[in-house]
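Student: What follows is a structure written as structure tokens; I'll ask about it next.
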Amino acid sequence: MPFQLTDESLSFFIEKCKRNKLKITPQRIVIYKELLKSTDHPHAEALHKRIKKIIPGISLDTVNRTLLTFAKIGIVKNVEGYGEPRRYDPKIEKHHHFRCIECNAIIDFEYKPYDDIIVPGDIQNRYFILNRKVLLEGYCDKCGKKR
Ligand SMILES: [Zn+2]
Ligand SMILES: [Zn+2]
């Protein structure tokens, strides 16, 4: 079945754009759609390759800037802690990541006990915690087999 942008994700997108006074252009919708159907947490270049098939003339710089804007207003998330190039996550609901240290695959998973993970007291007292996220690292099934 071809990917379809659900009304729910589209209205989320439109609402976020409106609230942040970002013009909703066909180009922005295409970029958002492509990211939304990506499950590999792509960086701008990887996403640019996919978008070029739909909008042949689009530049990498445009994709890059659009993604940065999306991240700034909270439409997408930056995958933290992987250095450059910056990778993007279309899933803004609570979830955790497994990262393969060999091929850099980032795989989503959900696990309720991690959502409520306990923050050490001294950290809790010192900082204002907004987010708790667990990162597991290791070898994915493909890379694990090669070892
Ligand atoms: Zn791997
Ligand atoms: Zn993710």
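By convention here, the chains of the structure tokens are called A, B, ... in the order presented, each chain's residues are numbered starting at 1, and ligands are numbered starting at 1 in the order presented.
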Using backbone DSSP assignments, extract all alpha helix (DSSP H) residues from chain A; output them as a ChimeraX atom specification.
Tutor: /A:7-19,26-36,44-52,60-72,112-115,121-126,141-146
Student: Contacts between ligand 1 and chain A, please, where a residue of chain A counts if it comes within 6 Å (with only C-alpha atoms and all ligand atoms); show its shortest atom pair and distance in Å to one decimal, rows by chain and ascending number, as JSON lines.
Tutor:
```
{"residue": "A:Cys100", "atom": "CA", "partner": "ligand 1", "partner_atom_place_in_ligand_line": "1 (Zn)", "distance": 4.6}
{"residue": "A:Glu102", "atom": "CA", "partner": "ligand 1", "partner_atom_place_in_ligand_line": "1 (Zn)", "distance": 5.0}
{"residue": "A:Cys103", "atom": "CA", "partner": "ligand 1", "partner_atom_place_in_ligand_line": "1 (Zn)", "distance": 4.1}
{"residue": "A:Ala105", "atom": "CA", "partner": "ligand 1", "partner_atom_place_in_ligand_line": "1 (Zn)", "distance": 5.7}
{"residue": "A:Tyr139", "atom": "CA", "partner": "ligand 1", "partner_atom_place_in_ligand_line": "1 (Zn)", "distance": 5.3}
{"residue": "A:Cys140", "atom": "CA", "partner": "ligand 1", "partner_atom_place_in_ligand_line": "1 (Zn)", "distance": 4.2}
{"residue": "A:Lys142", "atom": "CA", "partner": "ligand 1", "partner_atom_place_in_ligand_line": "1 (Zn)", "distance": 5.6}
{"residue": "A:Cys143", "atom": "CA", "partner": "ligand 1", "partner_atom_place_in_ligand_line": "1 (Zn)", "distance": 4.3}
```
Student: Counting only C-alpha atoms and all ligand atoms, what are the residues of chain A within 10 Å of ligand 2, and for each of them which pair of atoms is the nearest and at what distance in Å, to one decimal? Sort the table by chain and rising number, as JSON lines.
Tutor:
```
{"residue": "A:Thr39", "atom": "CA", "partner": "ligand 2", "partner_atom_place_in_ligand_line": "1 (Zn)", "distance": 7.8}
{"residue": "A:Asp40", "atom": "CA", "partner": "ligand 2", "partner_atom_place_in_ligand_line": "1 (Zn)", "distance": 8.1}
{"residue": "A:His41", "atom": "CA", "partner": "ligand 2", "partner_atom_place_in_ligand_line": "1 (Zn)", "distance": 6.5}
{"residue": "A:Lys77", "atom": "CA", "partner": "ligand 2", "partner_atom_place_in_ligand_line": "1 (Zn)", "distance": 8.3}
{"residue": "A:Asn78", "atom": "CA", "partner": "ligand 2", "partner_atom_place_in_ligand_line": "1 (Zn)", "distance": 9.1}
{"residue": "A:Val79", "atom": "CA", "partner": "ligand 2", "partner_atom_place_in_ligand_line": "1 (Zn)", "distance": 7.2}
{"residue": "A:Arg87", "atom": "CA", "partner": "ligand 2", "partner_atom_place_in_ligand_line": "1 (Zn)", "distance": 9.9}
{"residue": "A:Tyr88", "atom": "CA", "partner": "ligand 2", "partner_atom_place_in_ligand_line": "1 (Zn)", "distance": 8.2}
{"residue": "A:Asp89", "atom": "CA", "partner": "ligand 2", "partner_atom_place_in_ligand_line": "1 (Zn)", "distance": 5.2}
{"residue": "A:Pro90", "atom": "CA", "partner": "ligand 2", "partner_atom_place_in_ligand_line": "1 (Zn)", "distance": 7.2}
{"residue": "A:Lys91", "atom": "CA", "partner": "ligand 2", "partner_atom_place_in_ligand_line": "1 (Zn)", "distance": 5.8}
{"residue": "A:Ile92", "atom": "CA", "partner": "ligand 2", "partner_atom_place_in_ligand_line": "1 (Zn)", "distance": 7.9}
{"residue": "A:Glu93", "atom": "CA", "partner": "ligand 2", "partner_atom_place_in_ligand_line": "1 (Zn)", "distance": 8.8}
{"residue": "A:Lys94", "atom": "CA", "partner": "ligand 2", "partner_atom_place_in_ligand_line": "1 (Zn)", "distance": 8.7}
{"residue": "A:His95", "atom": "CA", "partner": "ligand 2", "partner_atom_place_in_ligand_line": "1 (Zn)", "distance": 6.5}
{"residue": "A:His96", "atom": "CA", "partner": "ligand 2", "partner_atom_place_in_ligand_line": "1 (Zn)", "distance": 6.5}
{"residue": "A:His97", "atom": "CA", "partner": "ligand 2", "partner_atom_place_in_ligand_line": "1 (Zn)", "distance": 5.9}
{"residue": "A:Phe98", "atom": "CA", "partner": "ligand 2", "partner_atom_place_in_ligand_line": "1 (Zn)", "distance": 8.8}
{"residue": "A:Ile106", "atom": "CA", "partner": "ligand 2", "partner_atom_place_in_ligand_line": "1 (Zn)", "distance": 7.1}
{"residue": "A:Ile107", "atom": "CA", "partner": "ligand 2", "partner_atom_place_in_ligand_line": "1 (Zn)", "distance": 6.5}
{"residue": "A:Asp108", "atom": "CA", "partner": "ligand 2", "partner_atom_place_in_ligand_line": "1 (Zn)", "distance": 4.7}
{"residue": "A:Phe109", "atom": "CA", "partner": "ligand 2", "partner_atom_place_in_ligand_line": "1 (Zn)", "distance": 7.7}
{"residue": "A:Glu110", "atom": "CA", "partner": "ligand 2", "partner_atom_place_in_ligand_line": "1 (Zn)", "distance": 9.7}
```
Student: Residues at most 12 Å from A:Leu35, counting only C-alpha atoms, excluding those fewer than 3 positions away in the same chain, as an NGL selection string?
Tutor: :A and (3 or 5 or 9 or 28-32 or 38-51 or 63 or 66-67 or 70-71 or 75-77 or 87-91)
Student: Create the file for the chosen residues now, containing C-alpha atoms and written as a PDB file, in the first residue's frame.
Tutor:
```
ATOM      1  CA  PHE A   3       2.242   5.718   1.905  1.00  0.00           C
ATOM      2  CA  LEU A   5      -0.251  11.197   4.866  1.00  0.00           C
ATOM      3  CA  SER A   9      -0.298  14.156  10.808  1.00  0.00           C
ATOM      4  CA  ARG A  28       7.495  21.964   2.569  1.00  0.00           C
ATOM      5  CA  ILE A  29       4.670  19.447   2.499  1.00  0.00           C
ATOM      6  CA  VAL A  30       6.722  17.142   0.258  1.00  0.00           C
ATOM      7  CA  ILE A  31       9.737  17.382   2.579  1.00  0.00           C
ATOM      8  CA  TYR A  32       7.601  16.650   5.603  1.00  0.00           C
ATOM      9  CA  SER A  38      11.259   7.422   6.626  1.00  0.00           C
ATOM     10  CA  THR A  39      11.969   4.990   9.388  1.00  0.00           C
ATOM     11  CA  ASP A  40      15.754   5.295   9.219  1.00  0.00           C
ATOM     12  CA  HIS A  41      16.228   8.712  10.871  1.00  0.00           C
ATOM     13  CA  PRO A  42      17.819  10.145   7.727  1.00  0.00           C
ATOM     14  CA  HIS A  43      20.216  13.043   7.448  1.00  0.00           C
ATOM     15  CA  ALA A  44      19.491  15.883   5.030  1.00  0.00           C
ATOM     16  CA  GLU A  45      21.504  14.379   2.206  1.00  0.00           C
ATOM     17  CA  ALA A  46      19.718  11.037   2.297  1.00  0.00           C
ATOM     18  CA  LEU A  47      16.379  12.768   2.383  1.00  0.00           C
ATOM     19  CA  HIS A  48      17.402  15.099  -0.433  1.00  0.00           C
ATOM     20  CA  LYS A  49      18.005  12.090  -2.687  1.00  0.00           C
ATOM     21  CA  ARG A  50      14.470  10.870  -2.071  1.00  0.00           C
ATOM     22  CA  ILE A  51      12.887  14.291  -2.517  1.00  0.00           C
ATOM     23  CA  VAL A  63      16.173  20.596   2.246  1.00  0.00           C
ATOM     24  CA  THR A  66      13.724  23.342   5.817  1.00  0.00           C
ATOM     25  CA  LEU A  67      14.643  20.505   8.162  1.00  0.00           C
ATOM     26  CA  PHE A  70      11.016  22.048  11.154  1.00  0.00           C
ATOM     27  CA  ALA A  71      13.184  20.992  14.083  1.00  0.00           C
ATOM     28  CA  ILE A  75       7.536  19.396  13.757  1.00  0.00           C
ATOM     29  CA  VAL A  76      10.408  16.934  13.727  1.00  0.00           C
ATOM     30  CA  LYS A  77      13.143  16.061  16.169  1.00  0.00           C
ATOM     31  CA  ARG A  87      19.827  13.205  11.682  1.00  0.00           C
ATOM     32  CA  TYR A  88      16.102  13.756  11.843  1.00  0.00           C
ATOM     33  CA  ASP A  89      13.272  11.908  13.476  1.00  0.00           C
ATOM     34  CA  PRO A  90       9.706  12.375  12.279  1.00  0.00           C
ATOM     35  CA  LYS A  91       8.321  10.567  15.302  1.00  0.00           C
TER      36      LYS A  91
END
```
Student: Please compute the atom CA of A:Lys72-atom CA of A:Asn20 distance, one decimal, in Å.
Tutor: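 Taking atom CA of A:Lys72 as the start and atom CA of A:Asn20 as the end point, the length is 9.8 Å.
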